[in-house]
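Below is one structure; the comments refer to it alone.
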Amino acid sequence: MSFGPSALRGFQVSGTGGRVEYRLARNAVVREFRKGRLSRLEVCDAHPELLRAARNVGVPFAESCPICEETSVVHVTYVFGPRLPAHGRCVSSPQELARLCGRADEVACYVVEVCSGCAWNHLARMYPAGGRHRRAAGHAANGSAQIRGAISPARQHGRTRRLR
Ligand SMILES: [Zn+2]
């Protein structure tokens, strides 16, 4: 089974007018884990492909993993849209992200928080780009600003759906 849209909790390409932050949902999961209502197996279930992406192209995030508290989490961005792979394009560089966000086609970018140490993972945010969002995200199309935004600790997180 490959990592795909269905692997991201709350995944939706259409019908989302704008940016969606998942920090509250993410914090709720962490709270449940700390109370012992969720096991480590339940929250540290990143798909092998997601873990590989985290190790290879993850953008370091200055926050340690809320579960193992040993490893810093990274952010991995997947972009979905017309003429992109059905399972999304895993973004490998700020340049690639800028290119994807500058497309004439509207795309949806999903940022996932991942710990490559314990396999904790949670959706951080989703934001539309490309198409009519190109102008609004003009600074984003240049890459670095978007990446900075993508890794800001003030941003929010969401959890990816478990893969079985
Ligand atoms: Zn961890």
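We name chains A, B, ... following the order of the structure tokens; residues begin at 1 in each chain, and ligands are numbered from 1 as shown.
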- Task: Residues within 10 Å of ligand 1 should be enumerated using only C-alpha atoms and all ligand atoms and returned as number ranges by chain.
- Result: A: 40, 43-44, 64-73, 114-121
Can you write just those residues out, C-alpha atoms, as a compact mmCIF listing (two decimals), in the first residue's frame?
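The resulting file, again_3.txt, is shown below:
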# COMPACT_ATOMS: atom_id res chain seq x y z
CA ARG A 40 2.25 4.84 21.46
CA VAL A 43 0.02 7.62 17.58
CA CYS A 44 3.41 6.51 16.24
CA SER A 64 10.96 18.18 19.75
CA CYS A 65 8.63 15.27 19.22
CA PRO A 66 5.68 15.49 21.64
CA ILE A 67 5.67 11.71 22.03
CA CYS A 68 9.27 10.47 22.38
CA GLU A 69 10.66 13.92 23.30
CA GLU A 70 14.00 12.78 21.93
CA THR A 71 13.98 13.71 18.26
CA SER A 72 13.10 16.99 16.57
CA VAL A 73 10.15 16.73 14.26
CA VAL A 114 6.73 13.64 11.41
CA CYS A 115 9.18 12.24 13.96
CA SER A 116 11.59 9.87 12.28
CA GLY A 117 12.62 8.61 15.70
CA CYS A 118 9.34 7.15 16.93
CA ALA A 119 7.11 7.49 13.83
CA TRP A 120 4.77 10.05 15.38
CA ASN A 121 2.92 11.90 12.63
- Task: Can you pull out every residue within 6 Å of segment 104-107 of chain A, counting only C-alpha atoms, but drop anything in the same chain fewer than 4 positions away, and send it as a ChimeraX atom specification?
- Result: /A:80-81,128-131
- Task: Apply DSSP to the backbone of this structure and, from segment 20-91 of chain A, keep only the residues in strand (DSSP E or B); write these as a VMD selection string.
- Result: chain A and resid 20 to 21 59 to 64 72 to 80 89 to 90
- Residues within 7 Å of Glu113 of chain A, only C-alpha atoms, excluding chain neighbours under 5 positions, as an MDAnalysis selection string: chainID A and resid 73:76 121:124
- Return the single residue from A:Arg125, A:Thr77, A:His47, A:Arg134 that is closest to Arg19 of chain A, with distances computed using only C-alpha atoms.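 Closest candidate: A:Arg125.
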- Task: Show which residues sit within 10 Å of Val91 of chain A, as JSON, numbers by chain. Count only C-alpha atoms, and ignore same-chain residues fewer than 4 positions away.
- Result: {"A": [53, 57, 58, 76, 77, 78, 79, 95, 96, 97, 98, 100, 109, 111]}
